[in-house]
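A.B. asks: Attaching a single structure in structure tokens format; questions to follow.
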Amino acid sequence: MIKLLLLALCVSVFFGGGLVADACPRKVVILLGAPGSGKGTQAKKLQAIFNLPHISTGDLFRFNIKEGTPLGKKAQEYTNAGKLVPDEIVLDMLFDRISKDDAKQGYILDGFPRTIPQAEALQKRLEDKDLVIALNLDVSDDTVVKRISGRRTCSVSGEVYNIYFAPPPKERACKEGELIQRPDDRPEVVQERLKVYHNQTEPLIQFYDRLGVLVNVDGEKDPGAILTELTRVINEKIESVR
Ligand code: AP5
């Protein structure tokens with residue numbers, strides 16, 4: 001009863017300087033969608049709007065690969081080939097990340113989960129009060145291929161551009177570094193990533209639909225229109241539990 005009341009008021013209880021009860025629903029925003037559907041583009045904007053950390057398993061792997069860590073060495077052969085990194089490696093890394101202080105009020109997941117076992121493992125970690133919002137960015141394979149072939153990333157800032165859709169402004173783009181193409185964005189790897197997506201990740205749409213937390217969003221629109229729609233949906237879901 002007390003928990004319900006706290007939940008309704010969304011209050012946190014502190015005692016002796018420490019947090020003893022936090023009834024505010026943790027917001028778990030899951031961005032689903034094919035490679036290149038725009039998950040990273042949207043997550044970066046959403047993190048600022050909702051003040052939630054953007055957690056991208058792909059970015060975590062790329063960071064570890066760049067730093068040459070043991071995790072990076074294990075992941076590299078899979079990412080370069082467009083295959084999924086084995087679940088146990090992903091889960092350890094992801095659970096470590098979401099246990100950090102900045103993720104206590106929630107987080108935005110980009111590129112996770114990617115398999116049914118990953119989704120089930122996440123569900124087990126969540127509590128009843130958590131607010132799960134799964135947003136599927138719906139795009140065609142043709143759009144994926146075009147977007148990925150145009151993607152370029154700044155080697156220093158990590159800023160993502162697209163030579164077709166979001167070209168870097170000449171005067172200030174990636175001054176200290178160079179614009180590079182991700183190794184897994186080569187055409188032959190993209191085809192493998194799409195195959196892996198349809199076989200192993202697309203079934204998650206049904207998984208979250210069955211849980212009643214899925215919202216499909218048209219990912220073919222321009223980034224601004226998609227952001228407006230995602231923001232509207234997330235706000236609506238948050239309001240619904242207030
Ligand atoms: P990851 O980095 O997650 O790759 P991905 O899911 O394939 O997604 P992308 O980063 O390619 O695309 P995105 O949807 O973020 O699109 P973006 O916003 O950049 O994973 C890489 C690898 O790591 C995997 O292949 C796997 O090996 C491994 N991995 C990661 N997570 C894993 C997991 N959970 N389990 C196992 N293995 C895992 O946009 C793409 C381009 O399009 C950009 O240039 C952008 O500017 C442009 N763009 C975006 N939106 C629009 C729009 N609306 N209109 C026009 N252009 C747009």
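Identifiers in the structure tokens: chain A, B, ... in order shown; residue index from 1 per chain; ligand index from 1 in order shown.
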As a list in words, please: the residues near A:Ala81 (cut-off 9 Å, only C-alpha atoms, same-chain neighbours under 4 positions excluded).

C.D. replies: Gln76, Glu77, Pro183, Asp184, Val189, Glu192 and Arg193 of chain A

A.B. asks: I need the strand (DSSP E) residues of stretch 151-180 of chain A per DSSP on the backbone, written as a PyMOL selection string.

C.D. replies: chain A and resi 151-154+160-162+179-180

A.B. asks: Just C-alpha atoms for this one: save the residues we selected as a CSV table (one decimal), in the first residue's frame.

C.D. replies:
chain,number,residue,atom,x,y,z
A,151,ARG,CA,27.6,7.5,-42.8
A,152,ARG,CA,30.9,9.1,-41.8
A,153,THR,CA,32.1,9.5,-38.2
A,154,CYS,CA,34.6,12.1,-36.9
A,160,VAL,CA,28.1,11.1,-36.9
A,161,TYR,CA,27.3,12.7,-40.4
A,162,ASN,CA,25.9,11.4,-43.6
A,179,LEU,CA,35.9,11.7,-41.3
A,180,ILE,CA,36.0,7.9,-41.4

A.B. asks: Would you list the contacts of stretch 94-111 of chain A as a PyMOL selection string, taking every protein, DNA or RNA residue within 9 Å and counting only C-alpha atoms, but skipping same-chain residues closer than 4 positions in sequence?

C.D. replies: chain A and resi 24-33+35+39-40+43+46-47+51-58+60+89-90+122+125+130-131

A.B. asks: Grab the residues selected above and save them as a JSON list (two decimals), in the first residue's frame with N, CA and C atoms.

C.D. replies:
[["chain", "number", "residue", "atom", "x", "y", "z"],
["A", 24, "CYS", "N", 9.93, 6.11, -7.72],
["A", 24, "CYS", "CA", 9.70, 6.65, -9.06],
["A", 24, "CYS", "C", 10.00, 5.57, -10.09],
["A", 25, "PRO", "N", 9.10, 5.40, -11.06],
["A", 25, "PRO", "CA", 9.38, 4.37, -12.05],
["A", 25, "PRO", "C", 10.66, 4.72, -12.81],
["A", 26, "ARG", "N", 11.53, 3.73, -12.93],
["A", 26, "ARG", "CA", 12.73, 3.92, -13.74],
["A", 26, "ARG", "C", 12.29, 3.86, -15.20],
["A", 27, "LYS", "N", 12.76, 4.82, -15.99],
["A", 27, "LYS", "CA", 12.33, 4.86, -17.40],
["A", 27, "LYS", "C", 13.33, 4.08, -18.24],
["A", 28, "VAL", "N", 12.86, 3.02, -18.85],
["A", 28, "VAL", "CA", 13.74, 2.18, -19.68],
["A", 28, "VAL", "C", 13.26, 2.31, -21.12],
["A", 29, "VAL", "N", 13.94, 3.16, -21.86],
["A", 29, "VAL", "CA", 13.55, 3.39, -23.26],
["A", 29, "VAL", "C", 14.42, 2.49, -24.14],
["A", 30, "ILE", "N", 13.76, 1.66, -24.93],
["A", 30, "ILE", "CA", 14.50, 0.72, -25.78],
["A", 30, "ILE", "C", 14.27, 1.11, -27.24],
["A", 31, "LEU", "N", 15.35, 1.45, -27.93],
["A", 31, "LEU", "CA", 15.21, 1.79, -29.35],
["A", 31, "LEU", "C", 15.51, 0.56, -30.19],
["A", 32, "LEU", "N", 14.49, 0.09, -30.87],
["A", 32, "LEU", "CA", 14.64, -1.07, -31.76],
["A", 32, "LEU", "C", 14.72, -0.56, -33.19],
["A", 33, "GLY", "N", 15.31, -1.39, -34.06],
["A", 33, "GLY", "CA", 15.35, -0.99, -35.47],
["A", 33, "GLY", "C", 16.58, -1.58, -36.13],
["A", 35, "PRO", "N", 20.01, -1.98, -38.51],
["A", 35, "PRO", "CA", 21.21, -1.16, -38.58],
["A", 35, "PRO", "C", 20.93, 0.05, -39.46],
["A", 39, "LYS", "N", 18.79, 4.85, -34.80],
["A", 39, "LYS", "CA", 18.72, 4.71, -33.34],
["A", 39, "LYS", "C", 19.70, 5.66, -32.64],
["A", 40, "GLY", "N", 20.95, 5.66, -33.11],
["A", 40, "GLY", "CA", 21.96, 6.50, -32.47],
["A", 40, "GLY", "C", 21.64, 7.99, -32.64],
["A", 43, "ALA", "N", 18.78, 8.72, -30.26],
["A", 43, "ALA", "CA", 19.12, 8.54, -28.85],
["A", 43, "ALA", "C", 19.93, 9.72, -28.32],
["A", 46, "LEU", "N", 17.43, 12.40, -27.61],
["A", 46, "LEU", "CA", 16.51, 12.05, -26.52],
["A", 46, "LEU", "C", 17.20, 12.13, -25.16],
["A", 47, "GLN", "N", 18.49, 11.81, -25.13],
["A", 47, "GLN", "CA", 19.18, 11.83, -23.83],
["A", 47, "GLN", "C", 19.17, 13.24, -23.25],
["A", 51, "ASN", "N", 16.99, 13.76, -20.08],
["A", 51, "ASN", "CA", 18.03, 13.68, -19.06],
["A", 51, "ASN", "C", 18.28, 12.24, -18.62],
["A", 52, "LEU", "N", 18.37, 11.37, -19.59],
["A", 52, "LEU", "CA", 18.65, 9.95, -19.33],
["A", 52, "LEU", "C", 19.89, 9.57, -20.14],
["A", 53, "PRO", "N", 20.78, 8.74, -19.58],
["A", 53, "PRO", "CA", 21.98, 8.38, -20.36],
["A", 53, "PRO", "C", 21.65, 7.53, -21.59],
["A", 54, "HIS", "N", 22.37, 7.83, -22.66],
["A", 54, "HIS", "CA", 22.24, 7.04, -23.90],
["A", 54, "HIS", "C", 23.26, 5.91, -23.82],
["A", 55, "ILE", "N", 22.77, 4.69, -23.80],
["A", 55, "ILE", "CA", 23.68, 3.55, -23.67],
["A", 55, "ILE", "C", 23.63, 2.74, -24.97],
["A", 56, "SER", "N", 24.72, 2.81, -25.72],
["A", 56, "SER", "CA", 24.79, 2.10, -27.01],
["A", 56, "SER", "C", 25.82, 0.97, -26.86],
["A", 57, "THR", "N", 25.36, -0.26, -27.03],
["A", 57, "THR", "CA", 26.31, -1.38, -26.92],
["A", 57, "THR", "C", 27.33, -1.32, -28.06],
["A", 58, "GLY", "N", 26.90, -0.85, -29.24],
["A", 58, "GLY", "CA", 27.84, -0.69, -30.36],
["A", 58, "GLY", "C", 28.93, 0.31, -30.00],
["A", 60, "LEU", "N", 29.92, 1.13, -26.99],
["A", 60, "LEU", "CA", 30.77, 0.54, -25.93],
["A", 60, "LEU", "C", 31.79, -0.41, -26.55],
["A", 89, "ILE", "N", 28.95, -12.01, -23.32],
["A", 89, "ILE", "CA", 29.87, -10.85, -23.31],
["A", 89, "ILE", "C", 29.05, -9.56, -23.26],
["A", 90, "VAL", "N", 27.99, -9.52, -24.06],
["A", 90, "VAL", "CA", 27.16, -8.32, -24.13],
["A", 90, "VAL", "C", 26.48, -8.07, -22.78],
["A", 122, "LEU", "N", 17.25, -8.98, -19.70],
["A", 122, "LEU", "CA", 16.95, -7.62, -19.25],
["A", 122, "LEU", "C", 15.65, -7.61, -18.44],
["A", 125, "ARG", "N", 16.04, -8.44, -14.91],
["A", 125, "ARG", "CA", 16.71, -7.43, -14.08],
["A", 125, "ARG", "C", 15.76, -6.29, -13.70],
["A", 130, "ASP", "N", 9.16, -0.44, -13.03],
["A", 130, "ASP", "CA", 9.88, 0.20, -14.13],
["A", 130, "ASP", "C", 8.97, 0.45, -15.32],
["A", 131, "LEU", "N", 9.18, 1.58, -15.95],
["A", 131, "LEU", "CA", 8.38, 1.93, -17.13],
["A", 131, "LEU", "C", 9.20, 1.59, -18.38]]

A.B. asks: Extract the full set of alpha helix (DSSP H) residues from stretch 72-161 of chain A according to DSSP on the backbone, and format it as a PyMOL selection string.

C.D. replies: chain A and resi 72-81+87-98+116-125+141-150

A.B. asks: Identify, on the basis of only C-alpha atoms, every residue whose closest approach to stretch 202-209 of chain A does not exceed 8 Å; exclude the query and any residue fewer than 5 positions from it along the same chain; express the result as a VMD selection string.

C.D. replies: chain A and resid 32 to 34 114 to 116 119 134 136 197 214 to 215

A.B. asks: Please produce a file of those selected residues containing C-alpha atoms, as a CSV table (one decimal), in the first residue's frame.

C.D. replies:
chain,number,residue,atom,x,y,z
A,32,LEU,CA,14.6,-1.1,-31.8
A,33,GLY,CA,15.4,-1.0,-35.5
A,34,ALA,CA,17.6,-2.3,-38.2
A,114,ARG,CA,19.4,-7.7,-30.0
A,115,THR,CA,18.3,-11.3,-29.3
A,116,ILE,CA,15.5,-12.9,-27.4
A,119,ALA,CA,15.6,-9.3,-23.9
A,134,ALA,CA,10.1,0.0,-26.7
A,136,ASN,CA,10.7,0.5,-33.2
A,197,TYR,CA,18.9,-8.3,-38.0
A,214,LEU,CA,5.8,-1.5,-28.2
A,215,VAL,CA,5.2,1.5,-30.3

A.B. asks: Quick one: everything within 9 Å of stretch 221-235 of chain A, counting only C-alpha atoms, minus sequence neighbours fewer than 6 positions away in the same chain. Send it as a PyMOL selection string.

C.D. replies: chain A and resi 29+38+41-42+45-46+49-50+133+135+137+215

A.B. asks: For those residues, write C-alpha atoms to a file as a short mmCIF file (atom, residue, chain, number, x, y, z; two decimals), in the first residue's frame.

C.D. replies:
data_model
loop_
_atom_site.label_atom_id
_atom_site.label_comp_id
_atom_site.auth_asym_id
_atom_site.auth_seq_id
_atom_site.Cartn_x
_atom_site.Cartn_y
_atom_site.Cartn_z
CA VAL A 29 13.55 3.39 -23.26
CA GLY A 38 18.59 6.07 -36.90
CA THR A 41 20.88 9.76 -34.12
CA GLN A 42 17.65 9.85 -32.12
CA LYS A 45 18.80 13.93 -28.88
CA LEU A 46 16.51 12.05 -26.52
CA ILE A 49 15.48 16.00 -23.70
CA PHE A 50 14.77 13.40 -20.99
CA ILE A 133 8.96 1.87 -23.58
CA LEU A 135 10.17 2.16 -29.80
CA LEU A 137 12.11 2.65 -35.93
CA VAL A 215 5.22 1.55 -30.32
#

A.B. asks: Mind giving me the straight-line distance from atom CA of A:Phe61 to atom CA of A:Arg147 in Å, one decimal?

C.D. replies: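 These two atoms are separated by 21.2 Å.
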
A.B. asks: Counting only C-alpha atoms, figure out which residue out of A:Arg242, A:Lys83, A:Arg172, A:Lys129 gets nearest to A:Leu194.

C.D. replies: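 Under the stated criterion, the closest residue is A:Lys83.
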